[in-house]
file work_26.cif (mmCIF, C-alpha atoms)
data_run
#
loop_
_atom_site.label_atom_id
_atom_site.label_comp_id
_atom_site.auth_asym_id
_atom_site.auth_seq_id
_atom_site.Cartn_x
_atom_site.Cartn_y
_atom_site.Cartn_z
CA MET A 62 -89.64 56.73 36.84
CA ASN A 63 -85.90 56.27 37.15
CA ASP A 64 -83.70 55.75 34.13
CA THR A 65 -83.29 51.99 34.60
CA GLN A 66 -87.03 51.47 34.79
CA PHE A 67 -87.56 53.73 31.81
CA GLN A 68 -85.02 51.94 29.64
CA ARG A 69 -86.73 48.65 30.48
CA LEU A 70 -90.11 50.12 29.48
CA LYS A 71 -88.63 51.59 26.31
CA ALA A 72 -87.21 48.19 25.29
CA GLU A 73 -90.61 46.63 25.97
CA VAL A 74 -92.35 49.19 23.74
CA ARG A 75 -89.72 48.72 21.02
CA GLY A 76 -90.43 44.99 20.94
CA TYR A 77 -94.19 45.57 20.96
CA VAL A 78 -94.01 48.02 18.05
CA ASP A 79 -91.78 45.72 15.98
CA GLY A 80 -93.93 42.66 16.72
CA ARG A 81 -97.57 42.84 17.68
CA LEU A 82 -98.22 46.32 16.29
CA ARG A 83 -96.87 45.35 12.85
CA GLU A 84 -99.50 42.60 12.79
CA LEU A 85 -102.25 44.95 13.95
CA SER A 86 -101.26 47.52 11.34
CA VAL A 87 -101.87 45.01 8.55
CA ARG A 88 -105.21 43.99 10.06
CA ILE A 89 -106.38 47.60 10.40
CA GLU A 90 -105.59 48.36 6.76
CA GLU A 91 -107.34 45.20 5.60
CA THR A 92 -110.50 45.65 7.70
CA GLY A 93 -110.65 49.46 7.87
CA GLN A 94 -111.25 49.18 11.61
CA CYS A 95 -109.15 50.05 14.65
CA GLY A 96 -111.64 48.47 17.02
CA PRO A 97 -112.20 48.61 20.77
CA ASP A 98 -110.04 45.51 21.20
CA VAL A 99 -107.01 47.54 20.11
CA TRP A 100 -107.84 50.26 22.62
CA GLN A 101 -108.32 47.66 25.33
CA GLU A 102 -105.01 45.96 24.58
CA LEU A 103 -103.15 49.27 24.72
CA ARG A 104 -104.94 50.18 27.93
CA GLU A 105 -104.24 46.84 29.62
CA ARG A 106 -100.55 47.22 28.83
CA GLY A 107 -100.57 50.66 30.49
CA TYR A 108 -99.72 52.51 27.30
CA LEU A 109 -102.62 54.99 27.53
CA ARG A 110 -101.57 56.46 30.89
CA LEU A 111 -97.88 56.97 30.31
CA ALA A 112 -97.54 60.71 30.90
CA ALA A 113 -100.09 61.21 33.68
CA PRO A 114 -98.88 61.67 37.28
CA GLU A 115 -98.70 58.61 39.50
CA ALA A 116 -101.16 60.33 41.86
CA TYR A 117 -103.72 60.18 39.04
CA GLY A 118 -103.02 56.54 38.24
CA GLY A 119 -100.46 57.19 35.50
CA HIS A 120 -96.87 56.05 35.05
CA GLY A 121 -95.54 59.49 35.92
CA LEU A 122 -93.10 59.71 33.01
CA SER A 123 -91.41 63.02 32.40
CA PHE A 124 -92.54 64.72 29.21
CA THR A 125 -89.26 63.94 27.45
CA GLN A 126 -89.49 60.28 28.48
CA TYR A 127 -93.00 60.15 27.07
CA LEU A 128 -91.84 61.73 23.81
CA GLN A 129 -89.29 58.96 23.33
CA LEU A 130 -92.01 56.31 23.63
CA LEU A 131 -94.37 58.29 21.40
CA GLU A 132 -91.70 58.25 18.69
CA LEU A 133 -91.70 54.46 18.82
CA PHE A 134 -95.49 54.14 18.71
CA SER A 135 -95.52 56.50 15.74
CA GLU A 136 -93.52 53.98 13.74
CA SER A 137 -96.64 51.79 13.74
CA HIS A 138 -100.04 52.42 12.16
CA GLY A 139 -101.44 55.96 12.05
CA SER A 140 -104.61 55.07 13.94
CA ILE A 141 -102.62 53.38 16.71
CA ARG A 142 -100.32 56.36 17.19
CA MET A 143 -103.44 58.57 17.20
CA VAL A 144 -104.97 56.56 20.04
CA VAL A 145 -101.73 56.70 22.04
CA HIS A 146 -101.20 60.40 21.38
CA VAL A 147 -104.75 61.60 22.05
CA ILE A 148 -105.60 59.45 25.07
CA ASN A 149 -102.27 60.16 26.76
CA GLY A 150 -102.93 63.89 26.41
CA ILE A 151 -106.67 64.52 26.78
CA TRP A 152 -106.51 64.63 30.58
CA ARG A 153 -104.24 67.70 30.43
CA PRO A 154 -106.74 70.38 29.29
CA VAL A 155 -109.32 69.00 31.73
CA ASP A 156 -106.86 69.01 34.61
CA PHE A 157 -105.59 72.48 33.68
CA LEU A 158 -108.92 74.08 34.67
CA ALA A 159 -110.50 71.47 36.95
CA ASN A 160 -111.26 72.01 40.60
CA GLU A 161 -110.58 69.24 43.10
CA ALA A 162 -114.06 67.75 42.81
CA GLN A 163 -113.79 67.67 39.00
CA ARG A 164 -110.32 66.17 39.27
CA GLU A 165 -111.78 63.23 41.18
CA ARG A 166 -114.88 63.01 39.01
CA PHE A 167 -113.29 63.43 35.56
CA VAL A 168 -109.49 63.66 35.43
CA LYS A 169 -108.51 60.55 37.37
CA PRO A 170 -111.17 58.37 35.65
CA LEU A 171 -109.84 59.66 32.29
CA VAL A 172 -106.34 58.55 33.21
CA ARG A 173 -107.55 55.17 34.50
CA GLY A 174 -109.55 54.59 31.32
CA GLU A 175 -112.91 54.46 33.08
CA ILE A 176 -114.22 57.27 30.87
CA THR A 177 -113.07 58.75 27.57
CA ALA A 178 -113.20 62.27 26.15
CA ALA A 179 -112.51 64.10 22.89
CA PHE A 180 -111.05 67.59 22.40
CA ALA A 181 -113.67 69.61 20.48
CA LEU A 182 -112.47 73.05 19.41
CA THR A 183 -112.50 73.16 15.58
CA GLU A 184 -115.65 74.38 13.81
CA PRO A 185 -116.85 74.27 10.18
CA ASN A 186 -117.01 78.06 9.86
CA ALA A 187 -114.30 79.21 12.25
CA GLY A 188 -110.68 78.52 13.01
CA SER A 189 -109.37 76.85 16.12
CA GLY A 190 -109.08 80.02 18.17
CA ALA A 191 -110.75 83.20 19.34
CA ASP A 192 -113.22 83.21 16.45
CA ILE A 193 -115.21 80.22 17.74
CA GLU A 194 -118.95 80.64 17.23
CA THR A 195 -120.44 77.91 19.42
CA SER A 196 -122.42 79.76 22.08
CA ALA A 197 -123.60 79.06 25.61
CA ARG A 198 -126.22 80.71 27.77
CA LYS A 199 -126.90 80.17 31.46
CA GLU A 200 -130.33 78.85 32.41
CA GLY A 201 -130.69 78.06 36.09
CA ASP A 202 -128.12 75.45 37.09
CA SER A 203 -127.32 74.52 33.46
CA TYR A 204 -125.62 75.87 30.37
CA VAL A 205 -127.40 75.54 27.03
CA LEU A 206 -125.14 75.13 23.99
CA SER A 207 -125.73 75.79 20.31
CA GLY A 208 -123.27 75.46 17.44
CA GLU A 209 -121.18 72.97 15.52
CA LYS A 210 -117.81 71.25 15.84
CA TRP A 211 -116.18 69.02 13.29
CA LEU A 212 -113.05 66.97 12.50
CA ILE A 213 -113.29 65.82 16.13
CA THR A 214 -111.06 62.78 16.55
CA PHE A 215 -112.88 59.93 18.35
CA GLY A 216 -115.88 62.24 18.79
CA ASP A 217 -118.12 59.45 17.49
CA THR A 218 -117.34 57.01 20.31
CA VAL A 219 -116.14 58.79 23.48
CA ASP A 220 -118.16 59.37 26.65
CA TYR A 221 -117.56 63.13 26.90
CA LEU A 222 -116.91 65.96 24.48
CA LEU A 223 -114.63 68.73 25.75
CA ILE A 224 -116.55 71.55 24.07
CA TYR A 225 -115.10 75.03 23.74
CA ALA A 226 -117.78 77.71 23.47
CA ARG A 227 -118.36 81.34 24.34
CA LEU A 228 -120.95 83.01 26.53
CA GLU A 229 -123.55 84.72 24.35
CA GLY A 230 -122.63 88.30 23.48
CA THR A 231 -118.87 88.01 24.02
CA LYS A 232 -115.94 88.36 21.60
CA GLY A 233 -112.35 87.16 21.34
CA TYR A 234 -110.98 85.45 24.42
CA GLU A 235 -113.62 87.14 26.57
CA GLY A 236 -116.33 84.74 27.65
CA THR A 237 -114.72 81.57 26.29
CA MET A 238 -115.62 78.41 28.19
CA ALA A 239 -114.62 74.76 28.42
CA LEU A 240 -117.39 72.30 29.25
CA LEU A 241 -117.47 68.51 29.46
CA VAL A 242 -120.60 67.50 27.58
CA PRO A 243 -121.86 63.90 27.63
CA ARG A 244 -121.89 62.62 24.04
CA THR A 245 -125.37 61.17 24.57
CA ALA A 246 -126.88 64.35 26.11
CA ALA A 247 -130.14 65.63 24.67
CA GLY A 248 -129.51 68.16 21.93
CA VAL A 249 -126.17 66.60 20.91
CA GLU A 250 -126.21 65.12 17.42
CA ILE A 251 -123.21 63.11 16.25
CA ARG A 252 -122.72 62.87 12.51
CA GLU A 253 -120.03 60.45 11.43
CA MET A 254 -117.67 61.98 8.89
CA SER A 255 -116.44 60.29 5.73
CA SER A 256 -113.23 58.26 5.68
CA THR A 257 -109.91 60.08 5.60
CA LEU A 258 -107.06 59.65 3.13
CA GLY A 259 -104.92 58.00 5.79
CA LEU A 260 -105.28 57.06 9.47
CA THR A 261 -107.50 54.14 8.46
CA GLY A 262 -109.77 53.17 11.34
CA THR A 263 -109.71 56.52 13.14
CA GLY A 264 -113.21 57.94 13.55
CA HIS A 265 -114.00 61.65 13.30
CA ALA A 266 -117.25 63.37 14.19
CA HIS A 267 -119.27 66.36 13.09
CA ILE A 268 -121.06 67.50 16.25
CA VAL A 269 -124.23 69.56 16.04
CA LEU A 270 -125.41 71.19 19.27
CA LYS A 271 -129.06 72.23 19.31
CA ASP A 272 -129.88 73.69 22.73
CA ALA A 273 -127.82 70.96 24.33
CA ARG A 274 -128.12 71.24 28.10
CA VAL A 275 -125.19 70.48 30.41
CA PRO A 276 -125.05 70.91 34.21
CA ALA A 277 -123.19 74.03 35.35
CA ASP A 278 -120.78 71.90 37.39
CA HIS A 279 -119.43 70.54 34.08
CA LEU A 280 -117.87 73.95 33.40
CA LEU A 281 -114.10 73.70 33.83
CA GLY A 282 -112.55 76.77 35.43
CA GLU A 283 -114.38 80.03 34.96
CA VAL A 284 -116.05 81.85 32.10
CA GLY A 285 -113.27 83.57 30.16
CA GLN A 286 -110.67 80.86 30.76
CA GLY A 287 -111.71 78.44 28.03
CA LEU A 288 -109.27 79.27 25.26
CA ALA A 289 -106.35 79.78 27.65
CA GLY A 290 -107.00 76.25 28.89
CA ALA A 291 -107.16 74.92 25.35
CA LEU A 292 -103.90 76.55 24.31
CA ASN A 293 -101.82 76.13 27.45
CA GLY A 294 -103.35 72.92 28.69
CA PHE A 295 -103.46 71.07 25.39
CA LEU A 296 -102.27 72.70 22.18
CA ASP A 297 -98.73 73.68 23.19
CA PRO A 298 -97.73 70.27 24.62
CA SER A 299 -99.74 68.50 21.93
CA ARG A 300 -97.91 70.39 19.18
CA ILE A 301 -94.65 69.07 20.57
CA CYS A 302 -96.16 65.58 20.62
CA VAL A 303 -97.33 65.88 17.02
CA GLY A 304 -93.78 66.93 16.15
CA MET A 305 -92.49 63.70 17.66
CA THR A 306 -95.11 61.63 15.82
CA CYS A 307 -93.66 63.14 12.63
CA VAL A 308 -90.18 62.05 13.71
CA GLY A 309 -91.34 58.50 14.43
CA LEU A 310 -93.18 58.07 11.15
CA ALA A 311 -90.28 59.61 9.21
CA GLN A 312 -87.87 57.22 10.94
CA ARG A 313 -89.95 54.23 9.84
CA ALA A 314 -90.14 55.54 6.26
CA PHE A 315 -86.38 56.05 6.33
CA ASP A 316 -85.64 52.58 7.70
CA ILE A 317 -87.68 50.74 5.07
CA ALA A 318 -86.29 53.00 2.31
CA VAL A 319 -82.72 52.18 3.34
CA ALA A 320 -83.60 48.46 3.39
CA ARG A 321 -85.17 48.78 -0.05
CA SER A 322 -82.11 50.60 -1.41
CA ARG A 323 -79.94 47.64 -0.43
CA GLU A 324 -82.30 45.03 -1.88
CA ARG A 325 -83.26 46.66 -5.18
CA VAL A 326 -80.74 46.02 -7.98
CA THR A 327 -80.79 47.84 -11.31
CA PHE A 328 -78.20 47.51 -14.06
CA GLY A 329 -76.08 45.32 -11.82
CA LYS A 330 -75.93 47.71 -8.84
CA SER A 331 -78.02 48.09 -5.71
CA LEU A 332 -79.72 51.46 -5.35
CA SER A 333 -77.62 52.06 -2.22
CA GLN A 334 -74.52 52.16 -4.41
CA ARG A 335 -75.84 55.02 -6.52
CA GLN A 336 -74.68 58.48 -5.55
CA VAL A 337 -78.05 60.17 -5.89
CA VAL A 338 -79.66 57.66 -3.51
CA GLN A 339 -76.79 58.04 -1.06
CA THR A 340 -77.36 61.80 -1.16
CA TRP A 341 -81.06 61.33 -0.40
CA ILE A 342 -80.25 59.00 2.48
CA ALA A 343 -77.81 61.50 3.98
CA GLU A 344 -80.36 64.32 3.65
CA MET A 345 -83.11 62.22 5.20
CA ALA A 346 -80.98 61.10 8.16
CA THR A 347 -79.92 64.69 8.88
CA ASP A 348 -83.46 66.02 8.53
CA ILE A 349 -84.88 63.46 10.96
CA GLU A 350 -82.21 64.04 13.59
CA ALA A 351 -82.59 67.83 13.38
CA ALA A 352 -86.34 67.52 13.93
CA ARG A 353 -85.87 65.05 16.79
CA GLN A 354 -83.50 67.40 18.61
CA LEU A 355 -85.78 70.42 18.15
CA VAL A 356 -88.75 68.46 19.50
CA MET A 357 -86.74 67.21 22.48
CA TYR A 358 -85.57 70.76 23.20
CA ALA A 359 -89.21 71.90 23.41
CA GLY A 360 -89.93 68.84 25.55
CA ARG A 361 -87.21 69.79 28.02
CA LEU A 362 -88.73 73.27 28.30
CA LYS A 363 -92.05 71.61 29.15
CA ASP A 364 -90.37 69.51 31.83
CA ASP A 365 -88.66 72.64 33.23
CA GLY A 366 -91.90 74.61 33.31
CA THR A 367 -90.50 77.25 30.95
CA LEU A 368 -92.33 76.32 27.73
CA THR A 369 -93.77 79.19 25.70
CA PRO A 370 -95.74 78.90 22.43
CA PRO A 371 -92.88 79.58 19.94
CA PRO A 372 -90.73 76.49 20.71
CA ALA A 373 -93.82 74.26 20.54
CA SER A 374 -94.82 75.74 17.20
CA MET A 375 -91.25 75.57 15.87
CA ALA A 376 -91.03 71.90 16.80
CA LYS A 377 -94.28 71.09 15.06
CA LEU A 378 -93.55 73.25 12.01
CA TYR A 379 -90.11 71.85 11.31
CA ALA A 380 -91.03 68.25 12.03
CA LEU A 381 -94.13 68.19 9.85
CA GLU A 382 -92.30 69.75 6.89
CA MET A 383 -89.42 67.31 7.46
CA LEU A 384 -91.89 64.43 7.36
CA GLN A 385 -93.18 65.49 3.95
CA ARG A 386 -89.63 65.67 2.57
CA VAL A 387 -88.58 62.32 4.01
CA THR A 388 -91.67 60.36 2.98
CA ASP A 389 -91.42 61.78 -0.54
CA LYS A 390 -87.81 60.66 -0.89
CA ALA A 391 -88.56 57.31 0.73
CA GLN A 392 -91.34 56.57 -1.72
CA GLN A 393 -89.08 57.65 -4.58
CA ILE A 394 -86.48 55.13 -3.45
CA TRP A 395 -89.15 52.43 -3.45
CA GLY A 396 -90.10 53.41 -6.99
CA GLY A 397 -93.40 52.71 -8.73
CA ILE A 398 -94.24 49.69 -6.61
CA GLY A 399 -94.31 51.94 -3.55
CA TYR A 400 -97.40 53.65 -4.98
CA PHE A 401 -99.42 50.43 -4.78
CA LYS A 402 -101.67 49.56 -1.84
CA GLY A 403 -100.42 46.75 0.34
CA TYR A 404 -96.96 48.22 0.65
CA GLU A 405 -96.12 49.92 3.93
CA ILE A 406 -94.52 52.94 2.28
CA GLU A 407 -97.78 53.71 0.45
CA ARG A 408 -99.68 53.68 3.75
CA ILE A 409 -97.00 55.81 5.44
CA TYR A 410 -97.18 58.32 2.59
CA ARG A 411 -100.93 58.70 3.16
CA ASP A 412 -100.69 58.79 6.96
CA ALA A 413 -98.01 61.48 6.81
CA ARG A 414 -100.48 64.03 5.45
CA ALA A 415 -102.57 64.00 8.62
CA GLN A 416 -100.02 65.78 10.78
CA LYS A 417 -100.19 68.80 8.47
CA PHE A 418 -103.62 69.57 9.95
CA GLU A 419 -103.30 68.39 13.55
CA GLU A 420 -103.06 71.12 16.20
CA GLY A 421 -102.83 73.84 13.55
CA THR A 422 -101.41 74.02 10.04
CA ALA A 423 -97.91 75.19 9.14
CA GLU A 424 -99.38 78.63 8.46
CA ILE A 425 -100.81 78.77 12.00
CA GLN A 426 -97.46 77.78 13.50
CA LYS A 427 -95.71 80.50 11.48
CA ALA A 428 -98.24 83.07 12.68
CA VAL A 429 -97.63 82.08 16.33
CA ILE A 430 -93.85 82.26 15.90
CA ALA A 431 -93.92 85.58 14.04
CA LYS A 432 -96.28 87.14 16.58
CA HIS A 433 -93.91 86.42 19.45
CA VAL A 434 -90.78 87.42 17.52
CA LEU A 435 -92.27 90.76 16.50
CA ALA A 436 -93.67 91.41 19.97
CA GLY A 437 -90.17 91.00 21.36
CA GLY A 438 -88.68 93.36 18.81
#
call {"tool": "encode", "arguments": {"input": "work_26.cif", "output": "structure tokens"}}
result
Amino acid sequence: MNDTQFQRLKAEVRGYVDGRLRELSVRIEETGQCGPDVWQELRERGYLRLAAPEAYGGHGLSFTQYLQLLELFSESHGSIRMVVHVINGIWRPVDFLANEAQRERFVKPLVRGEITAAFALTEPNAGSGADIETSARKEGDSYVLSGEKWLITFGDTVDYLLIYARLEGTKGYEGTMALLVPRTAAGVEIREMSSTLGLTGTGHAHIVLKDARVPADHLLGEVGQGLAGALNGFLDPSRICVGMTCVGLAQRAFDIAVARSRERVTFGKSLSQRQVVQTWIAEMATDIEAARQLVMYAGRLKDDGTLTPPPASMAKLYALEMLQRVTDKAQQIWGGIGYFKGYEIERIYRDARAQKFEEGTAEIQKAVIAKHVLAGG
């Protein structure tokens, strides 16, 4: 997409976020539901196929163009930005390992919105890496899966679960596998998880696999490639995306805090005239811009084909910690009333905690960064 077309699309999204999505955000908080009508509206407007190639039915945006739109969507409700973020990215790990037949059968329908899928790596008793315990064994022309996954975003409603498992008897990266498992397959039990602190309306699933059978042609790539596909095909670009969702949410918190500082008068002065508040505003503005530039730097590496794990982890690490600082100051500017439900800053404060756990905690990002730094030393 050329720059003129992109700027037109960006202006369209800006208007949509500031108008319709503000209305939907209020409705979602009031009803506790981000229903299928929201998904359908986003899909009909083309907002769930932004980053996919035109050959797959997507808009063909560059990664950095997509990041700019994701920042805008992240200024809206947490469940809406989650839909946009996840659905615009879930085709990547499938495509990363898919053969041509699977690309026609799964990847392109995912982009077009004809089927949906959820990324299912995290387990109750293992981290999101080489210690996964979910196992698979080959029986004829099928794989039989046993194990558990949980905290799986949209795992309660999608058509397919992108399950990461390991061939029985293997360790570490050896034997890891990625399989597309129909959510309704025999042996797949979906347990709906309790409501989260924020992200009202976003469903999460606890998936129990009890000898769940899936055809062998649902294996993506080869045995032993599963985790590489998860990390390179999804987690690295998704960590950059999560970083930008932090920037977008922080920007919204900042904007309404600045507006509040001008409106709120105490002892004959607006808060914006008080030096301590001016200091906070300067710190917040600088923090947000620093995070934005770090995320965009990682995004340019992705566009250039030179992305490695450290820049992705740095972008996510700095942006998520920036978001905590900014939302804390923003709520402080709002004062006690900002702690009450019904005020946007209260909802933002809750939503901001989710990014701390998405695509790996701060501690995980630090471990990735340190590993590469020390390996190079």
call {"tool": "resolve_selection", "arguments": {"input": "work_26.cif", "expression": "the PyMOL selection byres ((chain A and resi 205) around 7)", "output": "VMD selection string"}}
result
chain A and resid 197 to 200 203 to 204 206 to 207 272 to 275
call {"tool": "atom_distance", "arguments": {"input": "work_26.cif", "atom1": "CA of Ile224 (chain A)", "atom2": "CA of Leu258 (chain A)"}}
result
25.9 Å
call {"tool": "closest_residue", "arguments": {"input": "work_26.cif", "among": "A:Ala318, A:Val337, A:Ala415, A:Met357", "to": "Trp395 (chain A)", "atoms": "all atoms listed in the file"}}
result
A:Ala318
call {"tool": "atom_distance", "arguments": {"input": "work_26.cif", "atom1": "CA of Val308 (chain A)", "atom2": "CA of Glu324 (chain A)"}}
result
24.4 Å
call {"tool": "residues_around", "arguments": {"input": "work_26.cif", "residues": "His146 (chain A)", "least_positions_apart": "5", "cutoff": "9 Å", "atoms": "all atoms listed in the file", "output": "list in words"}}
result
Leu109, Leu131, Phe134, Ser135, Ile141, Ile151, Ser299, Cys302, Val303 and Thr306 of chain A
call {"tool": "residues_around", "arguments": {"input": "work_26.cif", "residues": "Leu122 (chain A)", "least_positions_apart": "2", "cutoff": "10 Å", "atoms": "all atoms listed in the file", "output": "PyMOL selection string"}}
result
chain A and resi 62-63+67+110-115+119-120+124-128
call {"tool": "closest_residue", "arguments": {"input": "work_26.cif", "among": "A:Phe401, A:Trp100, A:Tyr379, A:Phe157", "to": "Arg300 (chain A)", "atoms": "all atoms listed in the file"}}
result
A:Tyr379
call {"tool": "resolve_selection", "arguments": {"input": "work_26.cif", "expression": "the PyMOL selection byres ((chain A and resi 95) around 12)", "output": "PyMOL selection string"}}
result
chain A and resi 82+85-94+96-103+138-144+215+260-264
call {"tool": "atom_distance", "arguments": {"input": "work_26.cif", "atom1": "CA of Ala289 (chain A)", "atom2": "CA of Gly233 (chain A)"}}
result
11.4 Å
call {"tool": "resolve_selection", "arguments": {"input": "work_26.cif", "expression": "the PyMOL selection byres ((chain A and resi 358) around 12)", "output": "PDB file with C-alpha atoms, in the frame of the given file"}}
result
ATOM      1  CA  PHE A 124     -92.540  64.720  29.210  1.00  0.00           C
ATOM      2  CA  THR A 125     -89.260  63.940  27.450  1.00  0.00           C
ATOM      3  CA  LEU A 128     -91.840  61.730  23.810  1.00  0.00           C
ATOM      4  CA  ILE A 301     -94.650  69.070  20.570  1.00  0.00           C
ATOM      5  CA  GLY A 304     -93.780  66.930  16.150  1.00  0.00           C
ATOM      6  CA  MET A 305     -92.490  63.700  17.660  1.00  0.00           C
ATOM      7  CA  ALA A 351     -82.590  67.830  13.380  1.00  0.00           C
ATOM      8  CA  ALA A 352     -86.340  67.520  13.930  1.00  0.00           C
ATOM      9  CA  ARG A 353     -85.870  65.050  16.790  1.00  0.00           C
ATOM     10  CA  GLN A 354     -83.500  67.400  18.610  1.00  0.00           C
ATOM     11  CA  LEU A 355     -85.780  70.420  18.150  1.00  0.00           C
ATOM     12  CA  VAL A 356     -88.750  68.460  19.500  1.00  0.00           C
ATOM     13  CA  MET A 357     -86.740  67.210  22.480  1.00  0.00           C
ATOM     14  CA  ALA A 359     -89.210  71.900  23.410  1.00  0.00           C
ATOM     15  CA  GLY A 360     -89.930  68.840  25.550  1.00  0.00           C
ATOM     16  CA  ARG A 361     -87.210  69.790  28.020  1.00  0.00           C
ATOM     17  CA  LEU A 362     -88.730  73.270  28.300  1.00  0.00           C
ATOM     18  CA  LYS A 363     -92.050  71.610  29.150  1.00  0.00           C
ATOM     19  CA  ASP A 364     -90.370  69.510  31.830  1.00  0.00           C
ATOM     20  CA  ASP A 365     -88.660  72.640  33.230  1.00  0.00           C
ATOM     21  CA  THR A 367     -90.500  77.250  30.950  1.00  0.00           C
ATOM     22  CA  LEU A 368     -92.330  76.320  27.730  1.00  0.00           C
ATOM     23  CA  PRO A 371     -92.880  79.580  19.940  1.00  0.00           C
ATOM     24  CA  PRO A 372     -90.730  76.490  20.710  1.00  0.00           C
ATOM     25  CA  ALA A 373     -93.820  74.260  20.540  1.00  0.00           C
ATOM     26  CA  MET A 375     -91.250  75.570  15.870  1.00  0.00           C
ATOM     27  CA  ALA A 376     -91.030  71.900  16.800  1.00  0.00           C
ATOM     28  CA  LYS A 377     -94.280  71.090  15.060  1.00  0.00           C
TER      29      LYS A 377
END
call {"tool": "closest_residue", "arguments": {"input": "work_26.cif", "among": "A:Ala191, A:Val319, A:Val269, A:Ala314", "to": "Tyr410 (chain A)", "atoms": "all atoms listed in the file"}}
result
A:Ala314
call {"tool": "residues_around", "arguments": {"input": "work_26.cif", "residues": "Ala423 (chain A)", "least_positions_apart": "5", "cutoff": "10 Å", "atoms": "only C-alpha atoms", "output": "PDB file with C-alpha atoms, keeping the file's coordinate frame"}}
result
ATOM      1  CA  SER A 374     -94.820  75.740  17.200  1.00  0.00           C
ATOM      2  CA  MET A 375     -91.250  75.570  15.870  1.00  0.00           C
ATOM      3  CA  LYS A 377     -94.280  71.090  15.060  1.00  0.00           C
ATOM      4  CA  LEU A 378     -93.550  73.250  12.010  1.00  0.00           C
ATOM      5  CA  TYR A 379     -90.110  71.850  11.310  1.00  0.00           C
ATOM      6  CA  LEU A 381     -94.130  68.190   9.850  1.00  0.00           C
ATOM      7  CA  GLU A 382     -92.300  69.750   6.890  1.00  0.00           C
ATOM      8  CA  GLN A 416    -100.020  65.780  10.780  1.00  0.00           C
ATOM      9  CA  LYS A 417    -100.190  68.800   8.470  1.00  0.00           C
ATOM     10  CA  PHE A 418    -103.620  69.570   9.950  1.00  0.00           C
ATOM     11  CA  ALA A 428     -98.240  83.070  12.680  1.00  0.00           C
ATOM     12  CA  VAL A 429     -97.630  82.080  16.330  1.00  0.00           C
TER      13      VAL A 429
END
call {"tool": "closest_residue", "arguments": {"input": "work_26.cif", "among": "A:Thr340, A:Ser322, A:Gln286, A:Gln426", "to": "Ala159 (chain A)", "atoms": "all atoms listed in the file"}}
result
A:Gln286
call {"tool": "residues_around", "arguments": {"input": "work_26.cif", "residues": "Tyr234 (chain A)", "least_positions_apart": "2", "cutoff": "9 Å", "atoms": "all atoms listed in the file", "output": "list in words"}}
result
Gly190, Ala191, Asp192, Arg227, Thr231, Lys232, Gly236, Thr237, Gly285, Gln286, Gly287, Leu288 and Ala289 of chain A
call {"tool": "closest_residue", "arguments": {"input": "work_26.cif", "among": "A:Pro276, A:Gly399, A:Gly366, A:Gly216", "to": "Pro298 (chain A)", "atoms": "all atoms listed in the file"}}
result
A:Gly366
call {"tool": "closest_residue", "arguments": {"input": "work_26.cif", "among": "A:Phe315, A:Tyr221, A:Phe295, A:Tyr404", "to": "Asn149 (chain A)", "atoms": "only C-alpha atoms"}}
result
A:Phe295
call {"tool": "residues_around", "arguments": {"input": "work_26.cif", "residues": "Ser333 (chain A)", "least_positions_apart": "4", "cutoff": "7 Å", "atoms": "all atoms listed in the file", "output": "ChimeraX atom specification"}}
result
/A:322-323,338-339
call {"tool": "write_last_selection", "arguments": {"input": "work_26.cif", "atoms": "C-alpha atoms", "output": "PDB file, keeping the file's coordinate frame"}}
result
ATOM      1  CA  SER A 322     -82.110  50.600  -1.410  1.00  0.00           C
ATOM      2  CA  ARG A 323     -79.940  47.640  -0.430  1.00  0.00           C
ATOM      3  CA  VAL A 338     -79.660  57.660  -3.510  1.00  0.00           C
ATOM      4  CA  GLN A 339     -76.790  58.040  -1.060  1.00  0.00           C
TER       5      GLN A 339
END
call {"tool": "closest_atom_pairs", "arguments": {"input": "work_26.cif", "of": "region 397-423 of chain A", "to": "region 163-184 of chain A", "cutoff": "12 Å", "atoms": "only C-alpha atoms", "output": "tab-separated table"}}
result
residue	atom	partner	partner_atom	distance
A:Phe418	CA	A:Thr183	CA	11.1
A:Glu419	CA	A:Thr183	CA	10.6
A:Glu420	CA	A:Thr183	CA	9.7
A:Gly421	CA	A:Thr183	CA	9.9
